[in-house]
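*Asks:* Please find structure.txt (compact mmCIF, C-alpha atoms) on the next line:
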```
# COMPACT_ATOMS: atom_id res chain seq x y z
CA MET A 1 1.50 -2.54 51.49
CA ARG A 2 3.64 -4.02 48.73
CA THR A 3 6.93 -5.78 49.37
CA ALA A 4 9.33 -6.75 46.58
CA TYR A 5 11.54 -9.76 47.30
CA VAL A 6 14.57 -9.65 45.00
CA ALA A 7 16.93 -12.57 44.38
CA ALA A 8 19.64 -13.66 41.98
CA ARG A 9 17.33 -16.41 40.79
CA VAL A 10 13.59 -16.95 41.05
CA LEU A 11 12.01 -20.36 40.43
CA PRO A 12 8.26 -19.78 40.02
CA ASP A 13 7.61 -23.44 39.18
CA ALA A 14 9.36 -26.64 38.10
CA ASP A 15 9.81 -25.42 34.51
CA THR A 16 10.87 -21.79 34.91
CA LEU A 17 14.02 -19.98 36.06
CA ILE A 18 14.24 -16.18 36.15
CA ARG A 19 17.67 -14.61 36.59
CA ASP A 20 17.79 -11.41 38.63
CA GLY A 21 14.12 -11.81 39.50
CA ALA A 22 11.58 -10.39 41.90
CA VAL A 23 8.35 -11.43 43.58
CA VAL A 24 6.03 -8.64 44.70
CA VAL A 25 3.72 -9.47 47.60
CA GLU A 26 0.66 -7.49 48.63
CA GLY A 27 -1.03 -8.61 51.84
CA ASP A 28 -1.26 -12.40 51.86
CA ARG A 29 -1.09 -12.78 48.05
CA ILE A 30 1.48 -12.60 45.30
CA ALA A 31 0.89 -9.53 43.14
CA TRP A 32 3.61 -9.92 40.50
CA VAL A 33 6.50 -12.21 39.44
CA GLY A 34 9.20 -11.51 36.86
CA ALA A 35 12.54 -9.92 36.09
CA PHE A 36 13.58 -7.29 38.63
CA ARG A 37 14.11 -4.67 35.96
CA ASP A 38 10.38 -4.87 35.12
CA ALA A 39 9.07 -4.97 38.68
CA PRO A 40 6.29 -2.54 39.66
CA ALA A 41 6.81 -0.05 42.46
CA ALA A 42 6.77 -1.40 46.00
CA ASP A 43 6.72 0.14 49.46
CA GLU A 44 9.57 -2.06 50.63
CA ARG A 45 12.32 -3.99 48.92
CA VAL A 46 13.97 -7.04 50.47
CA ASP A 47 17.22 -7.97 48.72
CA LEU A 48 18.06 -11.62 49.21
CA GLY A 49 21.35 -11.34 47.41
CA ASN A 50 22.88 -14.43 45.85
CA ALA A 51 19.91 -16.64 46.74
CA VAL A 52 17.20 -18.57 44.94
CA LEU A 53 13.59 -17.63 45.70
CA MET A 54 10.87 -20.24 45.19
CA PRO A 55 7.51 -21.47 46.51
CA GLY A 56 7.52 -22.63 50.11
CA LEU A 57 7.95 -26.38 50.60
CA VAL A 58 4.84 -28.46 51.26
CA ASN A 59 4.97 -31.42 53.63
CA ALA A 60 1.88 -33.26 52.40
CA HIS A 61 1.93 -35.91 55.13
CA SER A 62 3.01 -35.50 58.73
CA HIS A 63 2.04 -36.70 62.20
CA LEU A 64 3.05 -33.74 64.33
CA ASP A 65 1.43 -35.22 67.43
CA LEU A 66 4.07 -37.96 67.35
CA THR A 67 7.05 -35.58 67.30
CA HIS A 68 7.70 -36.21 71.01
CA LEU A 69 8.40 -39.89 70.16
CA LYS A 70 11.48 -39.05 68.08
CA GLY A 71 14.10 -41.77 68.48
CA SER A 72 12.09 -43.69 71.07
CA VAL A 73 10.27 -46.25 68.90
CA PRO A 74 12.76 -48.47 67.05
CA PHE A 75 11.61 -50.64 64.17
CA GLU A 76 12.51 -54.27 64.65
CA GLY A 77 11.07 -55.80 61.50
CA GLU A 78 7.32 -55.96 62.17
CA PHE A 79 5.19 -52.89 61.45
CA ALA A 80 2.29 -53.99 63.67
CA LYS A 81 4.55 -54.18 66.72
CA TRP A 82 6.01 -50.77 65.92
CA ALA A 83 2.50 -49.31 65.53
CA GLU A 84 1.45 -50.80 68.86
CA ARG A 85 4.40 -49.14 70.59
CA VAL A 86 3.45 -45.84 68.97
CA MET A 87 -0.13 -46.21 70.23
CA HIS A 88 1.16 -46.55 73.79
CA GLY A 89 3.84 -43.88 73.38
CA ARG A 90 1.30 -41.37 72.07
CA LYS A 91 0.05 -40.99 75.66
CA LYS A 92 3.39 -39.60 76.85
CA PRO A 93 3.42 -35.90 77.84
CA GLY A 94 5.15 -33.21 75.80
CA MET A 95 3.23 -33.59 72.54
CA ALA A 96 2.38 -29.92 71.96
CA ASP A 97 5.83 -28.62 72.86
CA ALA A 98 7.51 -31.14 70.55
CA ALA A 99 5.10 -30.38 67.70
CA ARG A 100 5.75 -26.65 68.11
CA LYS A 101 9.50 -27.21 68.05
CA GLY A 102 9.18 -29.46 64.99
CA ILE A 103 7.20 -26.87 63.05
CA ARG A 104 9.64 -24.08 63.91
CA GLU A 105 12.58 -26.20 62.81
CA ALA A 106 10.76 -26.96 59.56
CA LEU A 107 9.98 -23.26 58.97
CA ALA A 108 13.69 -22.55 59.38
CA ARG A 109 14.33 -25.07 56.60
CA GLY A 110 11.80 -23.64 54.13
CA THR A 111 8.69 -25.73 54.87
CA THR A 112 5.63 -23.49 54.89
CA THR A 113 2.77 -26.00 54.78
CA PHE A 114 1.75 -29.28 56.40
CA GLY A 115 -0.88 -31.90 55.62
CA ASP A 116 -1.06 -33.19 59.17
CA ILE A 117 -2.89 -36.27 60.43
CA VAL A 118 -4.43 -35.43 63.80
CA ASP A 119 -5.86 -37.64 66.49
CA ARG A 120 -9.19 -36.29 67.76
CA ARG A 121 -7.77 -35.95 71.27
CA SER A 122 -4.90 -33.78 69.98
CA PHE A 123 -6.90 -31.57 67.63
CA GLU A 124 -7.28 -28.46 69.78
CA GLU A 125 -3.64 -28.50 70.88
CA ILE A 126 -2.37 -28.91 67.31
CA VAL A 127 -4.61 -26.06 66.12
CA GLU A 128 -3.08 -23.86 68.81
CA VAL A 129 0.43 -24.89 67.72
CA PHE A 130 -0.35 -23.77 64.16
CA ARG A 131 -1.87 -20.55 65.46
CA GLU A 132 1.29 -19.77 67.43
CA THR A 133 3.82 -20.70 64.75
CA GLY A 134 2.00 -19.21 61.75
CA ALA A 135 2.67 -22.23 59.51
CA ARG A 136 -0.08 -23.27 57.10
CA GLY A 137 -1.84 -26.52 57.89
CA ARG A 138 -4.47 -28.83 56.47
CA LEU A 139 -5.44 -30.94 59.49
CA PHE A 140 -6.79 -34.36 58.53
CA VAL A 141 -8.80 -35.59 61.51
CA GLU A 142 -8.36 -39.33 61.99
CA ALA A 143 -11.43 -41.54 61.70
CA ILE A 144 -10.38 -44.76 63.43
CA GLY A 145 -12.72 -47.60 64.35
CA PHE A 146 -12.91 -51.09 62.91
CA ARG A 147 -16.23 -52.11 64.44
CA PRO A 148 -19.05 -51.15 62.00
CA GLU A 149 -21.59 -50.56 64.77
CA ALA A 150 -19.53 -47.60 65.99
CA ALA A 151 -19.21 -45.92 62.57
CA ASN A 152 -21.88 -43.24 63.00
CA GLU A 153 -20.77 -42.21 66.48
CA ILE A 154 -17.10 -41.99 65.48
CA PHE A 155 -17.77 -40.04 62.33
CA GLU A 156 -20.04 -37.53 64.07
CA ALA A 157 -17.20 -36.78 66.50
CA VAL A 158 -14.74 -36.43 63.60
CA TRP A 159 -17.05 -34.21 61.60
CA ASP A 160 -17.62 -31.91 64.55
CA LEU A 161 -13.90 -31.10 64.48
CA VAL A 162 -13.63 -30.97 60.70
CA GLU A 163 -16.59 -28.70 60.04
CA MET A 164 -17.86 -27.05 63.20
CA GLN A 165 -14.80 -25.54 64.90
CA ALA A 166 -13.62 -21.94 64.57
CA LEU A 167 -10.11 -22.03 63.11
CA PRO A 168 -7.35 -19.46 62.46
CA GLY A 169 -6.90 -18.37 58.86
CA ASN A 170 -3.77 -20.47 58.36
CA VAL A 171 -5.57 -23.73 59.25
CA ALA A 172 -8.04 -25.80 57.22
CA THR A 173 -9.36 -29.32 57.74
CA GLY A 174 -9.77 -32.66 56.00
CA VAL A 175 -10.73 -36.22 56.86
CA SER A 176 -8.50 -39.28 57.27
CA PRO A 177 -10.12 -42.71 57.45
CA HIS A 178 -6.79 -44.00 58.71
CA ALA A 179 -6.04 -47.26 56.87
CA PRO A 180 -7.72 -50.44 55.57
CA TYR A 181 -6.93 -52.27 58.83
CA SER A 182 -8.17 -49.54 61.19
CA VAL A 183 -11.42 -48.28 59.66
CA SER A 184 -14.65 -50.22 59.14
CA ARG A 185 -16.14 -50.16 55.68
CA ALA A 186 -19.20 -48.43 57.13
CA LEU A 187 -17.01 -45.67 58.57
CA LEU A 188 -15.04 -45.39 55.34
CA GLU A 189 -18.23 -45.03 53.31
CA ARG A 190 -19.51 -42.29 55.60
CA ALA A 191 -16.20 -40.44 55.55
CA VAL A 192 -15.89 -40.52 51.77
CA ALA A 193 -19.47 -39.42 51.12
CA VAL A 194 -19.46 -36.50 53.53
CA ALA A 195 -15.90 -35.32 52.85
CA ASP A 196 -16.42 -35.27 49.10
CA GLY A 197 -19.87 -33.75 49.45
CA HIS A 198 -18.37 -30.85 51.41
CA GLY A 199 -15.24 -30.55 49.25
CA ARG A 200 -12.85 -31.67 51.99
CA PRO A 201 -9.64 -33.52 51.00
CA LEU A 202 -9.42 -37.10 52.22
CA ALA A 203 -6.18 -38.91 53.14
CA VAL A 204 -5.80 -42.65 53.68
CA HIS A 205 -2.70 -44.74 54.35
CA LEU A 206 -2.60 -47.38 51.61
CA ALA A 207 -0.19 -50.04 50.34
CA GLU A 208 2.17 -48.99 53.09
CA THR A 209 3.41 -52.44 54.20
CA LEU A 210 3.35 -56.08 53.18
CA GLU A 211 1.44 -56.74 56.41
CA GLU A 212 -1.32 -54.46 55.14
CA LEU A 213 -1.43 -56.28 51.80
CA ALA A 214 -1.80 -59.60 53.64
CA PHE A 215 -4.65 -58.09 55.62
CA LEU A 216 -6.35 -56.84 52.45
CA ARG A 217 -5.86 -60.12 50.64
CA HIS A 218 -6.75 -62.65 53.33
CA GLY A 219 -7.81 -60.73 56.45
CA ILE A 220 -4.98 -62.27 58.44
CA GLY A 221 -1.51 -61.44 59.73
CA PRO A 222 0.08 -59.20 62.36
CA LEU A 223 -2.32 -56.31 61.82
CA ARG A 224 -5.35 -58.53 62.39
CA GLU A 225 -3.71 -59.83 65.55
CA LEU A 226 -3.12 -56.25 66.67
CA LEU A 227 -6.82 -55.53 66.30
CA LYS A 228 -7.64 -58.55 68.43
CA ARG A 229 -5.17 -57.57 71.15
CA ALA A 230 -6.67 -54.08 71.22
CA GLY A 231 -10.21 -55.47 71.50
CA ALA A 232 -11.10 -53.68 68.25
CA ASP A 233 -11.58 -56.58 65.83
CA ASP A 234 -14.70 -57.24 63.77
CA PRO A 235 -15.13 -61.03 63.53
CA SER A 236 -17.46 -60.63 60.53
CA PHE A 237 -14.90 -58.71 58.45
CA LYS A 238 -14.37 -59.96 54.90
CA PRO A 239 -11.28 -58.64 53.09
CA GLU A 240 -11.50 -56.88 49.74
CA GLY A 241 -8.65 -58.92 48.28
CA SER A 242 -6.30 -56.14 47.13
CA ALA A 243 -5.40 -52.47 47.39
CA ALA A 244 -7.16 -51.92 44.05
CA ALA A 245 -10.39 -53.43 45.41
CA PHE A 246 -10.14 -51.24 48.51
CA LEU A 247 -9.66 -48.17 46.30
CA ALA A 248 -12.88 -49.06 44.49
CA LEU A 249 -14.68 -48.15 47.73
CA ILE A 250 -13.36 -44.57 47.52
CA GLU A 251 -14.73 -42.17 44.95
CA MET A 252 -13.76 -38.53 45.37
CA THR A 253 -15.10 -36.16 42.71
CA ARG A 254 -15.07 -32.71 44.38
CA ALA A 255 -11.95 -32.85 46.53
CA PRO A 256 -8.50 -34.44 46.36
CA LEU A 257 -7.79 -38.01 47.47
CA LEU A 258 -4.36 -38.54 49.04
CA LEU A 259 -2.98 -42.08 49.04
CA VAL A 260 -0.28 -41.95 51.68
CA HIS A 261 2.96 -43.92 51.31
CA GLY A 262 1.95 -46.17 48.38
CA ASN A 263 5.11 -48.22 48.86
CA TYR A 264 3.52 -51.18 47.09
CA LEU A 265 1.08 -49.39 44.78
CA ARG A 266 0.86 -50.19 41.10
CA PRO A 267 0.35 -47.14 38.88
CA ARG A 268 -2.65 -48.69 37.13
CA ASP A 269 -4.49 -48.94 40.45
CA VAL A 270 -4.27 -45.21 41.25
CA PRO A 271 -7.43 -43.24 40.37
CA ALA A 272 -6.79 -40.52 37.81
CA ALA A 273 -7.55 -37.64 40.17
CA ALA A 274 -5.66 -38.99 43.18
CA PHE A 275 -2.29 -37.99 44.61
CA VAL A 276 0.26 -40.39 46.06
CA VAL A 277 2.25 -39.01 48.99
CA TYR A 278 5.73 -40.53 49.16
CA CYS A 279 7.67 -40.24 52.44
CA PRO A 280 11.33 -41.00 51.57
CA THR A 281 12.91 -41.15 55.04
CA ALA A 282 10.05 -43.21 56.50
CA HIS A 283 10.34 -45.57 53.52
CA ALA A 284 14.01 -46.09 54.41
CA PHE A 285 13.27 -46.36 58.15
CA PHE A 286 10.96 -49.34 57.56
CA ARG A 287 13.42 -50.91 55.09
CA HIS A 288 10.98 -51.27 52.20
CA PRO A 289 12.21 -52.24 48.74
CA GLU A 290 12.57 -49.45 46.18
CA HIS A 291 9.55 -47.15 46.04
CA PRO A 292 7.63 -47.18 42.71
CA VAL A 293 7.94 -43.38 42.40
CA ILE A 294 9.49 -43.54 38.91
CA GLU A 295 6.79 -45.87 37.62
CA LEU A 296 4.11 -43.66 39.13
CA LEU A 297 5.55 -40.51 37.57
CA GLU A 298 5.99 -42.17 34.18
CA GLU A 299 2.32 -43.15 34.19
CA GLY A 300 1.24 -39.60 34.97
CA VAL A 301 0.44 -40.08 38.66
CA ARG A 302 0.91 -36.90 40.69
CA VAL A 303 3.28 -37.61 43.56
CA ALA A 304 3.68 -35.27 46.53
CA LEU A 305 6.21 -35.59 49.34
CA GLY A 306 5.77 -35.99 53.09
CA SER A 307 7.84 -36.70 56.16
CA ASP A 308 5.52 -39.09 58.04
CA SER A 309 6.48 -38.59 61.70
CA ALA A 310 9.59 -37.96 63.75
CA ALA A 311 8.92 -41.43 65.19
CA SER A 312 9.77 -42.90 61.78
CA GLY A 313 12.45 -40.37 60.83
CA GLU A 314 14.49 -37.53 62.21
CA THR A 315 12.51 -34.40 61.34
CA VAL A 316 9.29 -33.07 59.85
CA ASP A 317 11.00 -30.60 57.50
CA LEU A 318 10.63 -31.29 53.81
CA LEU A 319 14.13 -30.16 52.83
CA SER A 320 15.48 -33.22 54.65
CA GLU A 321 13.13 -35.37 52.54
CA THR A 322 14.19 -33.83 49.22
CA GLN A 323 17.87 -34.11 50.12
CA HIS A 324 17.41 -37.76 51.08
CA LEU A 325 15.48 -38.46 47.88
CA ALA A 326 18.07 -36.79 45.65
CA ARG A 327 20.87 -38.70 47.37
CA GLU A 328 19.22 -42.14 47.36
CA ARG A 329 17.27 -41.93 44.09
CA PRO A 330 19.38 -40.16 41.44
CA ASP A 331 16.93 -41.51 38.86
CA VAL A 332 14.37 -38.94 40.07
CA SER A 333 15.11 -35.65 38.28
CA PRO A 334 15.61 -32.35 40.17
CA LYS A 335 12.59 -30.85 38.42
CA ALA A 336 10.43 -33.81 39.46
CA ILE A 337 11.56 -33.43 43.07
CA PHE A 338 10.87 -29.69 42.90
CA ARG A 339 7.33 -30.22 41.61
CA MET A 340 6.61 -32.94 44.20
CA ALA A 341 7.82 -30.67 47.01
CA THR A 342 5.84 -27.61 45.94
CA GLU A 343 3.05 -27.59 43.34
CA TRP A 344 1.71 -31.11 43.74
CA GLY A 345 1.83 -30.95 47.52
CA ALA A 346 -0.16 -27.72 47.53
CA ARG A 347 -2.69 -29.06 45.05
CA ALA A 348 -3.11 -32.26 47.06
CA LEU A 349 -3.94 -30.16 50.11
CA SER A 350 -6.25 -27.82 48.14
CA PHE A 351 -4.19 -24.72 48.82
CA ASP A 352 -3.73 -22.00 46.21
CA ALA A 353 0.03 -22.17 46.58
CA GLY A 354 3.01 -24.23 45.43
CA VAL A 355 3.84 -21.91 42.51
CA LEU A 356 4.81 -18.25 42.33
CA LYS A 357 2.04 -16.64 40.33
CA ALA A 358 -0.04 -13.50 40.71
CA GLY A 359 -3.07 -14.22 42.86
CA CYS A 360 -1.57 -17.20 44.67
CA LEU A 361 -0.94 -17.29 48.40
CA ALA A 362 2.30 -15.56 49.39
CA ASP A 363 4.09 -18.65 50.72
CA LEU A 364 7.78 -18.31 49.80
CA ALA A 365 11.16 -19.76 50.68
CA ALA A 366 14.66 -18.62 49.72
CA PHE A 367 17.84 -20.69 49.79
CA THR A 368 21.52 -20.20 49.25
CA PRO A 369 23.55 -20.79 47.19
CA ALA A 370 21.85 -19.40 44.10
CA ALA A 371 21.08 -22.45 41.98
CA GLY A 372 18.50 -23.97 39.70
CA HIS A 373 15.89 -26.61 40.48
CA GLU A 374 18.59 -28.89 41.87
CA ILE A 375 18.74 -26.69 44.99
CA LEU A 376 16.40 -29.01 46.90
CA GLY A 377 18.81 -31.89 46.54
CA ARG A 378 21.97 -30.03 47.46
CA PRO A 379 23.41 -30.94 50.87
CA ASP A 380 24.65 -27.35 51.30
CA ALA A 381 21.23 -25.76 50.72
CA ARG A 382 20.50 -23.23 53.47
CA CYS A 383 17.16 -21.53 54.00
CA VAL A 384 17.53 -17.77 54.49
CA LEU A 385 13.87 -16.72 54.28
CA THR A 386 10.46 -18.30 54.91
CA VAL A 387 7.24 -16.37 54.29
CA VAL A 388 3.70 -17.65 54.97
CA ASP A 389 0.63 -15.56 54.12
CA GLY A 390 2.95 -12.66 53.37
CA ARG A 391 4.45 -12.77 56.88
CA VAL A 392 8.17 -13.35 57.39
CA LEU A 393 8.47 -16.29 59.79
CA HIS A 394 12.18 -17.01 59.33
CA ARG A 395 15.06 -14.77 58.22
CA VAL A 396 18.82 -15.14 58.56
CA ASP A 397 21.93 -13.61 57.02
CA PRO A 398 23.60 -13.29 54.52
CA ALA A 399 20.70 -11.17 53.28
CA PRO A 400 20.49 -7.62 54.70
CA PRO A 401 17.87 -6.82 57.36
CA LEU A 402 14.28 -6.19 56.29
CA GLY A 403 13.76 -2.72 54.89
CA GLU A 404 17.37 -2.26 53.82
CA THR A 405 18.51 -2.49 50.24
CA ALA A 406 21.60 -3.83 48.57
CA LYS A 407 22.92 -3.87 45.08
CA LEU A 408 21.16 -6.51 43.03
CA PRO A 409 23.65 -9.27 42.14
CA THR A 410 24.08 -10.43 38.61
CA VAL A 411 24.50 -14.16 38.05
CA ALA A 412 26.28 -15.29 34.93
```
In structure tokens, write the structure found in this file.

*Replies:*
Amino acid sequence: MRTAYVAARVLPDADTLIRDGAVVVEGDRIAWVGAFRDAPAADERVDLGNAVLMPGLVNAHSHLDLTHLKGSVPFEGEFAKWAERVMHGRKKPGMADAARKGIREALARGTTTFGDIVDRRSFEEIVEVFRETGARGRLFVEAIGFRPEAANEIFEAVWDLVEMQALPGNVATGVSPHAPYSVSRALLERAVAVADGHGRPLAVHLAETLEELAFLRHGIGPLRELLKRAGADDPSFKPEGSAAAFLALIEMTRAPLLLVHGNYLRPRDVPAAAFVVYCPTAHAFFRHPEHPVIELLEEGVRVALGSDSAASGETVDLLSETQHLARERPDVSPKAIFRMATEWGARALSFDAGVLKAGCLADLAAFTPAAGHEILGRPDARCVLTVVDGRVLHRVDPAPPLGETAKLPTVA
């Protein structure tokens, strides 16, 4: 069955605007994109009226299993203490219900896809949440363990979830050796080799805080003390000396490498094939100095956008992130924000989405008012349609009900 979605404006990618356009969907794929007057025949036509139709938004970094901690873990100036509170708070009940609610709220704001970091203990519940909501997810299973003698046992448990579990069609997996201060070098080496060998994306938190840089440089500071308090320290650990030296331990050739946060990354240290995932509201929550996003973009680094968790922000919907970014960083162009929120997020997660092109996955979002690429920064942007895999998961007025037709608007 073919469905034609018609809108006053269609934005297939960060460089293209089609007035009075249409996107024809067949099954779970896009069949055609172009001007409405040239559209092929379809079984059903959905008129979105004076709206802008574009690729669905991609949240390239989330922690959905922390959604139930929203507003309960204040930051008081030391990241290690905040992280320790999160570790304890993670055990509170209500995780799955909160994650489900967070995804549905994000779908209603145009987010179609998540790159979600998942604790092994939460994996099955989070998979079920994605199954129920219909959102697309790349679940990065956390590999956490700083003692090298435990590396093989931990990774085998991680890999069982990444590779051996039956998953719904809207869910795929990846690996996340969590961060330089929480993963042994033996575990990191195993994770990198196996993930890249099997073509699985790998995500690692890097250059997130000054505390992490102190750990990398000297092996000391609040994060080392946290390891000791948790009984997880390796007394024989020798620090690499810098984020760049740590990155030298990671070589991904067959699958994407996601460097999450990168608040203190230098563009020259980012491998050519890597993506940096910038989380604007979390960056503000932790009161970091200005993110190097402009420097990264100017040096050709591909930057995607994420929300981090509701414990370090208010929501997990990407529209909130793009609105925050546009408001706080007017030096980042609307087209750059658009590309970060769509194409580069999808490519980082290895999904054939993020642009509207024949053959790509039918993940769409529509917003009012009809606008150009600046729509993602507008405070009045309102999502009126969200489609994942060709299925309508969110629909509100002012567009007519599905199956009905209206006169195609003409935008001057």

*Asks:* In Å, with one decimal, what is the gap from atom CA of A:Phe123 to atom CA of A:Gly110?

*Replies:*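 Spanning atom CA of A:Phe123 to atom CA of A:Gly110 is a straight-line distance of 24.4 Å.
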
*Asks:* Would you compute the distance between atom CA of A:Asn50 and atom CA of A:Val387? Give it in Å to one decimal.

*Replies:*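 A separation of 17.9 Å between them.
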
*Asks:* What lies within 8 Å of stretch 11-22 of chain A using all atoms listed in the file, ignoring chain neighbours under 2 positions off, as JSON, numbers by chain?

*Replies:* {"A": [4, 5, 6, 7, 8, 9, 24, 33, 34, 35, 36, 37, 39, 52, 53, 54, 55, 335, 336, 338, 339, 343, 354, 355, 356, 357, 372, 373, 408, 409, 410, 411]}

*Asks:* Could you give me, as a ChimeraX atom specification, the residues that sit within 8 Å of (-8.5, -46.0, 41.8) in the file's coordinates, counting all atoms listed in the file?

*Replies:* /A:244,247-248,250-251,268-272,274

*Asks:* Just how far from atom CA of A:His178 is atom CA of A:Gly199, in Å to one decimal?

*Replies:*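 Going from atom CA of A:Gly199 over to atom CA of A:His178, I get 18.5 Å.
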
*Asks:* Tell me which protein, DNA and RNA residues are within 6 Å of stretch 288-297 of chain A, counting all atoms listed in the file, leaving out same-chain ones fewer than 5 positions away, and put them as a list in words.

*Replies:* Asn263, Pro267 and His283 of chain A

*Asks:* Tell me, as a list in words, which residues lie within 10 Å of stretch 389-391 of chain A, counting all atoms listed in the file; anything in the same chain fewer than 2 positions away does not count.

*Replies:*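 Returned residues: Arg2, Thr3, Val25, Glu26, Gly27, Asp28, Arg29, Ile30, Thr112, Gly134, Ala135, Arg136, Gly169, Asn170, Cys360, Leu361, Ala362, Asp363, Leu364, Thr386, Val387, Leu393 and His394 of chain A.
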
*Asks:* Out of A:Arg90, A:Arg395, A:Arg138, A:Arg109, which residue has the shortest atom-to-atom distance to A:Leu349 when counting all atoms listed in the file?

*Replies:*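 Smallest distance to A:Leu349 is found for A:Arg138.
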
*Asks:* Tell me which residues come within 7 Å of (-8.6, -61.2, 58.0), as a ChimeraX atom specification, counting all atoms listed in the file in the file's coordinates.

*Replies:* /A:215,218-220,224,237-239

*Asks:* Take the residues that were just selected and, keeping C-alpha atoms, output them as a CSV table (one decimal), in the frame of the given file.

*Replies:*
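Contents of part_8.csv, as written:
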```csv
chain,number,residue,atom,x,y,z
A,215,PHE,CA,-4.6,-58.1,55.6
A,218,HIS,CA,-6.8,-62.6,53.3
A,219,GLY,CA,-7.8,-60.7,56.4
A,220,ILE,CA,-5.0,-62.3,58.4
A,224,ARG,CA,-5.4,-58.5,62.4
A,237,PHE,CA,-14.9,-58.7,58.4
A,238,LYS,CA,-14.4,-60.0,54.9
A,239,PRO,CA,-11.3,-58.6,53.1
```

*Asks:* Please identify all polymer residues within 9 Å of A:Ser320, counting only C-alpha atoms, omitting same-chain residues fewer than 5 positions from it, and present them as a list of chain:residue names.

*Replies:*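 After dropping sequence-adjacent residues, the list is A:Arg109, A:Thr281, A:Ser307, A:Glu314, A:Thr315, A:Leu325, A:Leu376, A:Gly377.
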
*Asks:* Let me have the centre and edge lengths in Å, one decimal, of the box along x, y and z around every listed atom of stretch 227-232 of chain A with 8 Å of margin on each side, as JSON.

*Replies:*
```
{"center_x": -8.1, "center_y": -56.1, "center_z": 68.9, "size_x": 21.9, "size_y": 20.9, "size_z": 21.2}
```

*Asks:* Which is closest to A:Arg347 among A:Arg45, A:Lys228, A:Arg302, A:Arg329, if we use all atoms listed in the file?

*Replies:*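 Between A:Arg45, A:Lys228, A:Arg302, A:Arg329, the residue approaching A:Arg347 most closely is A:Arg302.
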
*Asks:* Do a neighbour search on A:Trp159 at 12 Å with only C-alpha atoms, toss out local chain neighbours closer than 4 positions, and write the hits as an MDAnalysis selection string.

*Replies:* chainID A and resid 120 140:143 151:155 163:165 173:177 187 190:195 198 200

*Asks:* Let me see the file: selected residues, C-alpha atoms, as an mmCIF file, in the coordinates of the input.

*Replies:*
```cif
data_model
loop_
_atom_site.group_PDB
_atom_site.id
_atom_site.type_symbol
_atom_site.label_atom_id
_atom_site.label_comp_id
_atom_site.auth_asym_id
_atom_site.auth_seq_id
_atom_site.Cartn_x
_atom_site.Cartn_y
_atom_site.Cartn_z
ATOM 1 C CA ARG A 120 -9.190 -36.290 67.760
ATOM 2 C CA PHE A 140 -6.790 -34.360 58.530
ATOM 3 C CA VAL A 141 -8.800 -35.590 61.510
ATOM 4 C CA GLU A 142 -8.360 -39.330 61.990
ATOM 5 C CA ALA A 143 -11.430 -41.540 61.700
ATOM 6 C CA ALA A 151 -19.210 -45.920 62.570
ATOM 7 C CA ASN A 152 -21.880 -43.240 63.000
ATOM 8 C CA GLU A 153 -20.770 -42.210 66.480
ATOM 9 C CA ILE A 154 -17.100 -41.990 65.480
ATOM 10 C CA PHE A 155 -17.770 -40.040 62.330
ATOM 11 C CA GLU A 163 -16.590 -28.700 60.040
ATOM 12 C CA MET A 164 -17.860 -27.050 63.200
ATOM 13 C CA GLN A 165 -14.800 -25.540 64.900
ATOM 14 C CA THR A 173 -9.360 -29.320 57.740
ATOM 15 C CA GLY A 174 -9.770 -32.660 56.000
ATOM 16 C CA VAL A 175 -10.730 -36.220 56.860
ATOM 17 C CA SER A 176 -8.500 -39.280 57.270
ATOM 18 C CA PRO A 177 -10.120 -42.710 57.450
ATOM 19 C CA LEU A 187 -17.010 -45.670 58.570
ATOM 20 C CA ARG A 190 -19.510 -42.290 55.600
ATOM 21 C CA ALA A 191 -16.200 -40.440 55.550
ATOM 22 C CA VAL A 192 -15.890 -40.520 51.770
ATOM 23 C CA ALA A 193 -19.470 -39.420 51.120
ATOM 24 C CA VAL A 194 -19.460 -36.500 53.530
ATOM 25 C CA ALA A 195 -15.900 -35.320 52.850
ATOM 26 C CA HIS A 198 -18.370 -30.850 51.410
ATOM 27 C CA ARG A 200 -12.850 -31.670 51.990
#
```
